[in-house]
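A.B. asks: Next comes upload_18.cif, mmCIF, C-alpha atoms:
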data_upload
#
loop_
_atom_site.group_PDB
_atom_site.id
_atom_site.type_symbol
_atom_site.label_atom_id
_atom_site.label_comp_id
_atom_site.auth_asym_id
_atom_site.auth_seq_id
_atom_site.Cartn_x
_atom_site.Cartn_y
_atom_site.Cartn_z
ATOM 1 C CA MET A 1 -146.738 -14.277 64.006
ATOM 2 C CA GLN A 2 -148.097 -17.801 63.925
ATOM 3 C CA ILE A 3 -145.916 -18.591 60.906
ATOM 4 C CA ILE A 4 -142.788 -17.480 62.790
ATOM 5 C CA ALA A 5 -143.851 -19.466 65.886
ATOM 6 C CA LEU A 6 -144.441 -22.514 63.683
ATOM 7 C CA ASN A 7 -141.052 -21.967 62.115
ATOM 8 C CA LEU A 8 -139.201 -21.694 65.427
ATOM 9 C CA GLY A 9 -141.053 -24.668 66.898
ATOM 10 C CA LEU A 10 -140.179 -26.772 63.875
ATOM 11 C CA PHE A 11 -136.552 -25.671 64.103
ATOM 12 C CA ILE A 12 -136.370 -26.651 67.787
ATOM 13 C CA LEU A 13 -137.978 -29.991 66.928
ATOM 14 C CA THR A 14 -135.497 -30.677 64.117
ATOM 15 C CA VAL A 15 -132.551 -29.732 66.359
ATOM 16 C CA SER A 16 -133.880 -32.141 69.004
ATOM 17 C CA VAL A 17 -134.307 -34.945 66.462
ATOM 18 C CA HIS A 18 -130.845 -34.202 65.065
ATOM 19 C CA ILE A 19 -129.227 -34.390 68.524
ATOM 20 C CA PHE A 20 -131.116 -37.609 69.305
ATOM 21 C CA LEU A 21 -130.000 -39.234 66.037
ATOM 22 C CA HIS A 22 -126.443 -37.979 66.467
ATOM 23 C CA ARG A 23 -126.190 -39.378 69.990
ATOM 24 C CA LEU A 24 -127.734 -42.655 68.860
ATOM 25 C CA LEU A 25 -125.120 -42.997 66.120
ATOM 26 C CA ILE A 26 -122.328 -42.047 68.541
ATOM 27 C CA PHE A 27 -123.569 -44.816 70.853
ATOM 28 C CA TYR A 28 -123.003 -47.281 67.975
ATOM 29 C CA HIS A 29 -119.636 -45.640 67.132
ATOM 30 C CA VAL A 30 -120.861 -44.270 63.809
ATOM 31 C CA LYS A 31 -119.931 -40.782 62.637
ATOM 32 C CA SER A 32 -122.173 -39.402 59.943
ATOM 33 C CA PHE A 33 -123.152 -36.041 58.526
ATOM 34 C CA LYS A 34 -126.375 -37.604 57.289
ATOM 35 C CA THR A 35 -128.133 -36.561 60.491
ATOM 36 C CA THR A 36 -128.111 -33.016 59.102
ATOM 37 C CA LEU A 37 -130.621 -34.174 56.491
ATOM 38 C CA VAL A 38 -133.228 -33.799 59.235
ATOM 39 C CA PHE A 39 -133.089 -30.051 58.567
ATOM 40 C CA GLY A 40 -133.955 -30.575 54.900
ATOM 41 C CA LEU A 41 -136.890 -32.704 55.946
ATOM 42 C CA GLY A 42 -137.934 -29.985 58.407
ATOM 43 C CA PHE A 43 -137.743 -27.409 55.603
ATOM 44 C CA ILE A 44 -140.068 -29.509 53.438
ATOM 45 C CA ILE A 45 -142.451 -30.049 56.364
ATOM 46 C CA TYR A 46 -142.468 -26.287 57.030
ATOM 47 C CA PHE A 47 -143.579 -25.529 53.486
ATOM 48 C CA ILE A 48 -146.265 -28.233 53.555
ATOM 49 C CA ILE A 49 -147.689 -27.013 56.882
ATOM 50 C CA ALA A 50 -147.468 -23.357 55.862
ATOM 51 C CA LYS A 51 -149.207 -24.080 52.538
ATOM 52 C CA VAL A 52 -152.036 -25.987 54.233
ATOM 53 C CA TYR A 53 -152.306 -23.270 56.905
ATOM 54 C CA GLY A 54 -152.429 -20.544 54.262
ATOM 55 C CA GLU A 55 -155.141 -22.308 52.271
ATOM 56 C CA ASN A 56 -157.311 -23.022 55.320
ATOM 57 C CA SER A 57 -156.854 -19.778 57.260
ATOM 58 C CA GLY A 58 -158.334 -17.412 54.695
ATOM 59 C CA VAL A 59 -155.378 -15.044 55.068
ATOM 60 C CA VAL A 60 -154.995 -12.577 52.212
ATOM 61 C CA THR A 61 -152.410 -13.926 49.764
ATOM 62 C CA SER A 62 -150.544 -10.616 49.488
ATOM 63 C CA ILE A 63 -149.915 -10.725 53.250
ATOM 64 C CA PHE A 64 -149.356 -14.472 53.576
ATOM 65 C CA ILE A 65 -146.746 -14.961 50.837
ATOM 66 C CA PRO A 66 -144.136 -12.596 52.351
ATOM 67 C CA LEU A 67 -144.672 -14.156 55.791
ATOM 68 C CA PHE A 68 -144.474 -17.614 54.285
ATOM 69 C CA LEU A 69 -141.218 -16.839 52.487
ATOM 70 C CA SER A 70 -139.633 -14.949 55.379
ATOM 71 C CA GLY A 71 -140.493 -17.826 57.725
ATOM 72 C CA GLY A 72 -138.854 -20.248 55.305
ATOM 73 C CA LEU A 73 -135.799 -18.010 55.028
ATOM 74 C CA LEU A 74 -135.559 -17.766 58.819
ATOM 75 C CA TYR A 75 -135.731 -21.560 59.133
ATOM 76 C CA LEU A 76 -133.100 -21.943 56.412
ATOM 77 C CA LEU A 77 -130.712 -19.452 58.041
ATOM 78 C CA LEU A 78 -131.151 -20.959 61.501
ATOM 79 C CA SER A 79 -130.559 -24.442 60.116
ATOM 80 C CA LEU A 80 -127.489 -23.437 58.127
ATOM 81 C CA SER A 81 -125.917 -21.626 61.069
ATOM 82 C CA TYR A 82 -126.598 -24.606 63.339
ATOM 83 C CA CYS A 83 -125.164 -27.033 60.776
ATOM 84 C CA LEU A 84 -122.022 -24.907 60.396
ATOM 85 C CA PHE A 85 -121.577 -24.948 64.159
ATOM 86 C CA TYR A 86 -122.258 -28.700 64.229
ATOM 87 C CA ILE A 87 -119.814 -29.719 61.493
ATOM 88 C CA SER A 88 -116.946 -27.370 62.390
ATOM 89 C CA PRO A 89 -115.239 -29.798 64.844
ATOM 90 C CA TYR A 90 -115.399 -32.577 62.242
ATOM 91 C CA LEU A 91 -113.643 -30.310 59.770
ATOM 92 C CA GLY A 92 -110.881 -29.635 62.269
ATOM 93 C CA GLU A 93 -112.217 -26.202 63.164
ATOM 94 C CA MET A 94 -112.154 -26.091 66.932
ATOM 95 C CA SER A 95 -113.125 -22.668 68.197
ATOM 96 C CA PRO A 96 -110.041 -20.775 69.341
ATOM 97 C CA THR A 97 -112.163 -19.177 72.062
ATOM 98 C CA PHE A 98 -113.166 -22.579 73.392
ATOM 99 C CA GLN A 99 -109.589 -23.856 73.182
ATOM 100 C CA ILE A 100 -108.148 -20.841 75.027
ATOM 101 C CA LEU A 101 -110.810 -20.876 77.741
ATOM 102 C CA GLU A 102 -110.439 -24.642 78.148
ATOM 103 C CA LEU A 103 -106.655 -24.299 78.442
ATOM 104 C CA LEU A 104 -106.900 -21.463 80.972
ATOM 105 C CA SER A 105 -109.551 -23.239 83.030
ATOM 106 C CA HIS A 106 -107.089 -26.069 83.737
ATOM 107 C CA LEU A 107 -104.007 -23.950 84.322
ATOM 108 C CA PRO A 108 -103.451 -20.190 84.166
ATOM 109 C CA SER A 109 -100.906 -19.642 81.422
ATOM 110 C CA SER A 110 -98.639 -16.959 80.106
ATOM 111 C CA LYS A 111 -99.079 -15.538 76.627
ATOM 112 C CA ILE A 112 -96.115 -17.608 75.440
ATOM 113 C CA GLU A 113 -97.603 -20.797 76.903
ATOM 114 C CA VAL A 114 -100.918 -20.087 75.194
ATOM 115 C CA HIS A 115 -99.127 -19.470 71.893
ATOM 116 C CA GLN A 116 -97.303 -22.790 72.206
ATOM 117 C CA HIS A 117 -100.630 -24.615 71.947
ATOM 118 C CA PHE A 118 -101.445 -23.000 68.622
ATOM 119 C CA LYS A 119 -99.801 -22.799 65.224
ATOM 120 C CA GLN A 120 -101.297 -19.521 64.074
ATOM 121 C CA THR A 121 -100.019 -16.937 66.534
ATOM 122 C CA ASP A 122 -101.762 -14.035 64.774
ATOM 123 C CA LEU A 123 -105.104 -15.757 65.253
ATOM 124 C CA VAL A 124 -104.330 -16.337 68.918
ATOM 125 C CA LYS A 125 -103.177 -12.744 69.426
ATOM 126 C CA GLU A 126 -106.427 -11.419 68.007
ATOM 127 C CA ARG A 127 -108.530 -13.891 69.989
ATOM 128 C CA LEU A 128 -106.702 -13.077 73.237
ATOM 129 C CA LYS A 129 -107.230 -9.377 72.495
ATOM 130 C CA ASP A 130 -110.945 -10.020 71.867
ATOM 131 C CA LEU A 131 -111.311 -12.095 75.038
ATOM 132 C CA LEU A 132 -109.587 -9.366 77.064
ATOM 133 C CA GLU A 133 -111.713 -6.569 75.545
ATOM 134 C CA GLN A 134 -114.932 -8.512 76.084
ATOM 135 C CA ARG A 135 -113.879 -9.327 79.657
ATOM 136 C CA TYR A 136 -113.857 -13.099 79.361
ATOM 137 C CA ILE A 137 -110.260 -13.278 80.593
ATOM 138 C CA LYS A 138 -107.909 -11.000 82.493
ATOM 139 C CA ARG A 139 -104.177 -10.516 82.395
ATOM 140 C CA ILE A 140 -102.142 -10.253 85.563
ATOM 141 C CA ARG A 141 -98.504 -9.554 84.758
ATOM 142 C CA THR A 142 -97.670 -12.303 82.273
ATOM 143 C CA LYS A 143 -100.501 -14.749 83.013
ATOM 144 C CA TYR A 144 -104.061 -14.917 81.695
ATOM 145 C CA TYR A 145 -106.925 -16.022 83.925
ATOM 146 C CA PRO A 146 -110.553 -16.698 83.046
ATOM 147 C CA LEU A 147 -113.057 -14.245 84.525
ATOM 148 C CA SER A 148 -116.474 -15.397 85.690
ATOM 149 C CA ARG A 149 -117.953 -14.589 82.238
ATOM 150 C CA GLY A 150 -115.271 -16.732 80.586
ATOM 151 C CA GLU A 151 -115.854 -19.572 83.013
ATOM 152 C CA ARG A 152 -119.619 -19.433 82.366
ATOM 153 C CA LEU A 153 -119.077 -19.421 78.597
ATOM 154 C CA ASN A 154 -116.660 -22.331 78.849
ATOM 155 C CA TYR A 155 -119.121 -24.193 81.089
ATOM 156 C CA LEU A 156 -122.013 -23.660 78.656
ATOM 157 C CA LEU A 157 -119.899 -24.721 75.663
ATOM 158 C CA SER A 158 -118.704 -27.800 77.566
ATOM 159 C CA ILE A 159 -122.265 -28.780 78.485
ATOM 160 C CA TYR A 160 -123.401 -28.371 74.887
ATOM 161 C CA ARG A 161 -120.447 -30.382 73.571
ATOM 162 C CA ARG A 162 -121.144 -33.209 76.051
ATOM 163 C CA PHE A 163 -124.867 -33.057 75.266
ATOM 164 C CA VAL A 164 -124.214 -33.432 71.544
ATOM 165 C CA GLY A 165 -121.572 -36.099 72.178
ATOM 166 C CA TRP A 166 -118.411 -34.202 71.217
ATOM 167 C CA GLU A 167 -115.298 -34.669 73.260
ATOM 168 C CA SER A 168 -113.949 -31.628 75.052
ATOM 169 C CA ARG A 169 -110.519 -30.925 73.664
ATOM 170 C CA GLY A 170 -108.312 -28.108 74.849
#
Using structure tokens, write down the structure from this file.
C.D. replies:
Amino acid sequence: MQIIALNLGLFILTVSVHIFLHRLLIFYHVKSFKTTLVFGLGFIIYFIIAKVYGENSGVVTSIFIPLFLSGGLLYLLLSLSYCLFYISPYLGEMSPTFQILELLSHLPSSKIEVHQHFKQTDLVKERLKDLLEQRYIKRIRTKYYPLSRGERLNYLLSIYRRFVGWESRG
């Protein structure tokens, strides 16, 4: 359990350092993916700390090695998923969910009006269907409106995007 706690603490620390470095670079008008290297450094630090902990704790090797490796795998998966989320706007991949909720939060729109903001109508149809089924938006006649869940999700995504220094684009 201590290995997993160490792992999660280190992940939170590396995310914090990454956000700090990213915002610092944004302040100087520099865009760089190099801030993601913090996660590689965190991975190395995890293995160093876990190795020292394992040697000094007297834990049986047959129990420690699987914990050690699973903790490293957890850190790696968390870091990769965070990095994918982080770099997606730079690769032109704005979340359709965020775009639809952002659009609807400014002005309730018909299905046709929503489709006009997107090139891939099939993607939008599926996303609208998902948002309706998951009760993030509602449809009244021909217009879509955000529900309280959709507004909360949009608010949280907007806060995160501002916190990281991304512009909110609808």
A.B. asks: Using only C-alpha atoms, which of the listed residues (A:Ile19, A:Leu131, A:Ile48, A:Leu78) sits closest to Arg161 in chain A?
C.D. replies: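 Checking each candidate against Arg161 in chain A, we get A:Ile19 as the closest.
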A.B. asks: Which of these residues is nearest to Phe39 in chain A, using only C-alpha atoms: A:Leu13, A:Leu6, A:Leu25, A:Leu101?
C.D. replies: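 Counting only C-alpha atoms, the residue closest to Phe39 in chain A is A:Leu13.
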A.B. asks: Hey, what's within 9 Å of Phe11 in chain A if we count only C-alpha atoms and toss same-chain stuff fewer than 2 positions away? As a ChimeraX atom specification, please?
C.D. replies: /A:6-9,13-16,39,42-43,75,78-79
A.B. asks: So which one's closest to Tyr53 in chain A, A:Val164, A:Val30, A:Leu107, A:Leu67? Using all atoms listed in the file, please.
C.D. replies: A:Leu67
A.B. asks: Expressed in Å to a single decimal, how great is the separation between CA of Ile44 in chain A and CA of Gly72 in chain A?
C.D. replies: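 Between these atoms lies a distance of 9.5 Å.
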A.B. asks: Need to verify the contact set: Lys129 in chain A, 12 Å, all atoms listed in the file, exclusion of same-chain residues closer than 4 positions in sequence. Can you return it as a list in words?
C.D. replies: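 Counting only the stated atoms, we get Thr97, Ile100, Lys111, Asp122, Leu123, Val124, Lys125, Glu133, Gln134, Arg135, Tyr136, Ile137, Lys138, Arg139 and Tyr144 of chain A.
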A.B. asks: Keeping only C-alpha atoms, take the residues you just selected and write them out as a PDB file, keeping the file's coordinate frame.
C.D. replies:
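Okay, this is what ended up in result20.pdb:
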ATOM      1  CA  THR A  97    -112.163 -19.177  72.062  1.00  0.00           C
ATOM      2  CA  ILE A 100    -108.148 -20.841  75.027  1.00  0.00           C
ATOM      3  CA  LYS A 111     -99.079 -15.538  76.627  1.00  0.00           C
ATOM      4  CA  ASP A 122    -101.762 -14.035  64.774  1.00  0.00           C
ATOM      5  CA  LEU A 123    -105.104 -15.757  65.253  1.00  0.00           C
ATOM      6  CA  VAL A 124    -104.330 -16.337  68.918  1.00  0.00           C
ATOM      7  CA  LYS A 125    -103.177 -12.744  69.426  1.00  0.00           C
ATOM      8  CA  GLU A 133    -111.713  -6.569  75.545  1.00  0.00           C
ATOM      9  CA  GLN A 134    -114.932  -8.512  76.084  1.00  0.00           C
ATOM     10  CA  ARG A 135    -113.879  -9.327  79.657  1.00  0.00           C
ATOM     11  CA  TYR A 136    -113.857 -13.099  79.361  1.00  0.00           C
ATOM     12  CA  ILE A 137    -110.260 -13.278  80.593  1.00  0.00           C
ATOM     13  CA  LYS A 138    -107.909 -11.000  82.493  1.00  0.00           C
ATOM     14  CA  ARG A 139    -104.177 -10.516  82.395  1.00  0.00           C
ATOM     15  CA  TYR A 144    -104.061 -14.917  81.695  1.00  0.00           C
TER      16      TYR A 144
END
A.B. asks: Hey, what comes out of the PyMOL selection byres ((chain A and resi 110) around 7) on this file? Could you write it as JSON, numbers by chain?
C.D. replies: {"A": [109, 111, 112, 113, 114, 142, 143, 144]}
A.B. asks: Measure the distance from CA of Leu80 in chain A to CA of Gly150 in chain A in Å and round it to one decimal.
C.D. replies: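 Distance between the two atoms: 26.4 Å.
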A.B. asks: Let me know the residues the PyMOL selection byres ((chain A and resi 165) around 9) catches in the file above, as a list in words.
C.D. replies: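 That selection, the PyMOL selection byres ((chain A and resi 165) around 9), comes back as Ile19, His22, Arg23, Ile26, Tyr160, Arg161, Arg162, Phe163, Val164, Trp166 and Glu167 of chain A.
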A.B. asks: Please compute the CA of Asp130 in chain A-CA of Arg152 in chain A distance, one decimal, in Å.
C.D. replies: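 For CA of Asp130 in chain A relative to CA of Arg152 in chain A, the distance reads 16.6 Å.
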A.B. asks: Env of Lys34 in chain A: 10 Å cut, atoms = all atoms listed in the file, seq-sep filter 2 positions within chain, self excluded. Answer as a list in words.
C.D. replies: His18, Leu21, His22, Lys31, Ser32, Thr36, Leu37 and Val38 of chain A
A.B. asks: Would you export the selected residues with C-alpha atoms as a PDB file, keeping the file's coordinate frame, please?
C.D. replies:
ATOM      1  CA  HIS A  18    -130.845 -34.202  65.065  1.00  0.00           C
ATOM      2  CA  LEU A  21    -130.000 -39.234  66.037  1.00  0.00           C
ATOM      3  CA  HIS A  22    -126.443 -37.979  66.467  1.00  0.00           C
ATOM      4  CA  LYS A  31    -119.931 -40.782  62.637  1.00  0.00           C
ATOM      5  CA  SER A  32    -122.173 -39.402  59.943  1.00  0.00           C
ATOM      6  CA  THR A  36    -128.111 -33.016  59.102  1.00  0.00           C
ATOM      7  CA  LEU A  37    -130.621 -34.174  56.491  1.00  0.00           C
ATOM      8  CA  VAL A  38    -133.228 -33.799  59.235  1.00  0.00           C
TER       9      VAL A  38
END
A.B. asks: Can you report as JSON the centre and edge lengths in Å, to one decimal, of an axis-aligned box around the listed atoms of range 44-54 of chain A padded with 6 Å on each side?
C.D. replies:
{"center_x": -146.2, "center_y": -25.3, "center_z": 54.8, "size_x": 24.4, "size_y": 21.5, "size_z": 16.5}
A.B. asks: Give as a list in words the residues that the PyMOL selection byres ((chain A and resi 154) around 9) matches when applied to the coordinates above.
C.D. replies: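 Selection result, ordered by chain and number: Thr97, Phe98, Leu101, Glu102, Ser105, Arg149, Gly150, Glu151, Arg152, Leu153, Tyr155, Leu156, Leu157, Ser158 and Ile159 of chain A.
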